[in-house]
Amino acid sequence: MRFKRTMMILVGFVVIVTGSAQASWYTMDFTNTTLDLGMNSQINLTNQYNSFGLNFENVYRGIDSRDPWDMFGIWNGWVEQNYDPKPVNGKVIFSSLTDSIGFDWLSLSEPTGDFHITAYDQFDNALGSFAGSGFGSNKIVAPDIKYLVFHDDGGFVSISNLSYDMVPTVPEPGTLALVGLGAVGLGFIRRRRS
């Protein structure tokens with residue numbers, strides 16, 4: 001009887017944990033309140049935001065008073081490439097696929113600097129894009145977005161806030177199955193001894 005009760009509790013736990021892995025809309029603002037990276041005005045980013053489902057290539061976190069939202073944002077290129085005359089592509093990679101990306105963007109035209117962003121799937125197919133100058137808020141809606149590429153036309157561009165579906169970190173089904181099998185094995189061993 002005890003074995004059956006233990007197994008029912010284990011199965012219930014697995015169902016609850018796997019069912020709770022639903023994506024939820026999340027807005028990353030890149031401020032120190034979310035993740036304290038200090039007050040250095042420019043920091044190269046790679047995996048600092050991994051726990052939020054984000055990784056970066058050729059991106060730095062910058063603080064700029066001309067940002068109309070909160071002064072914090074991500075900029076294309078490395079800090080060392082800040083004054084490089086050619087556009088450098090920044091890349092935002094999502095740890096899980098998403099179907100919608102919202103973004104507040106800023107373009108500082110020095111001398112020209114239209115903001116360009118394109119969403120791609122995991123097979124490098126372009127799914128949607130946007131271009132603009134000045135600043136604003138936009139959205140790209142497409143199935144299975146894996147990463148974004150953003151760049152400028154020779155000025156400086158930033159994503160101030162980024163909204164996306166974030167899947168919380170939970171054990172994978174294979175791991176949960178192994179835990180379940182282990183519990184079943186322990187139950188049989190215990191039953192044999194008694």
# chains A, B, ... in the order shown; residues from 1 in each chain; ligands from 1
>>> residues_around(residues="A:Asp165", least_positions_apart="2", cutoff="9 Å", atoms="only C-alpha atoms", output="list of chain:residue names")
A:Ala23, A:Ser24, A:Trp25, A:Tyr26, A:Thr27, A:Ser96, A:Leu97, A:Thr98, A:Asp99, A:Ser100, A:Ile101, A:Ser163, A:Val167
>>> residues_around(residues="A:Ala119", least_positions_apart="6", cutoff="7 Å", atoms="only C-alpha atoms", output="PyMOL selection string")
chain A and resi 126-129+145+147-149
>>> atom_distance(atom1="atom CA of A:Asp124", atom2="atom CA of A:Asn89")
14.6 Å
>>> atom_distance(atom1="atom CA of A:Asp36", atom2="atom CA of A:Asn82")
22.5 Å
>>> closest_residue(among="A:Leu54, A:Trp78, A:Ser65, A:Ser95", to="A:Gln42", atoms="only C-alpha atoms")
A:Trp78
>>> select_by_dssp(residues="stretch 25-147 of chain A", states="strand (DSSP E or B)", output="count of residues only")
67
>>> closest_residue(among="A:Asp67, A:Glu80, A:Asp29, A:Glu57", to="A:Tyr164", atoms="only C-alpha atoms")
A:Asp29
>>> atom_distance(atom1="atom CA of A:Trp75", atom2="atom CA of A:Asp114")
13.2 Å
>>> residues_around(residues="A:Leu35", least_positions_apart="6", cutoff="10 Å", atoms="only C-alpha atoms", output="count of residues only")
5
>>> select_by_dssp(residues="stretch 17-176 of chain A", states="alpha helix (DSSP H)", output="list in words")
Val17, Thr18, Gly19, Pro173, Gly174, Thr175 and Leu176 of chain A
>>> write_last_selection(atoms="N, CA and C atoms", output="compact mmCIF listing (two decimals), in the first residue's frame")
# COMPACT_ATOMS: atom_id res chain seq x y z
N VAL A 17 5.42 19.24 -12.34
CA VAL A 17 6.66 19.91 -12.76
C VAL A 17 6.71 20.09 -14.27
N THR A 18 6.36 19.04 -15.03
CA THR A 18 6.41 19.18 -16.49
C THR A 18 5.30 20.10 -16.99
N GLY A 19 4.17 20.13 -16.33
CA GLY A 19 3.08 21.02 -16.73
C GLY A 19 3.37 22.47 -16.42
N PRO A 173 12.34 16.14 -19.43
CA PRO A 173 11.56 14.91 -19.25
C PRO A 173 12.42 13.66 -19.10
N GLY A 174 13.55 13.59 -19.80
CA GLY A 174 14.43 12.44 -19.68
C GLY A 174 14.98 12.31 -18.26
N THR A 175 15.36 13.44 -17.66
CA THR A 175 15.86 13.43 -16.29
C THR A 175 14.77 12.98 -15.33
N LEU A 176 13.56 13.51 -15.52
CA LEU A 176 12.44 13.13 -14.67
C LEU A 176 12.12 11.64 -14.82
>>> closest_residue(among="A:Gln122, A:Gly113, A:Ile159, A:Phe103", to="A:Val141", atoms="only C-alpha atoms")
A:Phe103
>>> residues_around(residues="A:Gly136", least_positions_apart="3", cutoff="7 Å", atoms="only C-alpha atoms", output="list in words")
Asp104, Trp105 and Leu106 of chain A
>>> write_last_selection(atoms="C-alpha atoms", output="mmCIF file, in the first residue's frame")
data_model
loop_
_atom_site.group_PDB
_atom_site.id
_atom_site.type_symbol
_atom_site.label_atom_id
_atom_site.label_comp_id
_atom_site.auth_asym_id
_atom_site.auth_seq_id
_atom_site.Cartn_x
_atom_site.Cartn_y
_atom_site.Cartn_z
ATOM 1 C CA ASP A 104 12.081 49.460 -27.523
ATOM 2 C CA TRP A 105 14.833 50.754 -29.791
ATOM 3 C CA LEU A 106 16.987 53.845 -30.146
#
>>> closest_residue(among="A:Val88, A:Met39, A:Ile93, A:Ile140", to="A:Phe72", atoms="only C-alpha atoms")
A:Met39
>>> closest_residue(among="A:Ile117, A:Ala142, A:Leu108, A:Ile63", to="A:Phe130", atoms="only C-alpha atoms")
A:Ile117
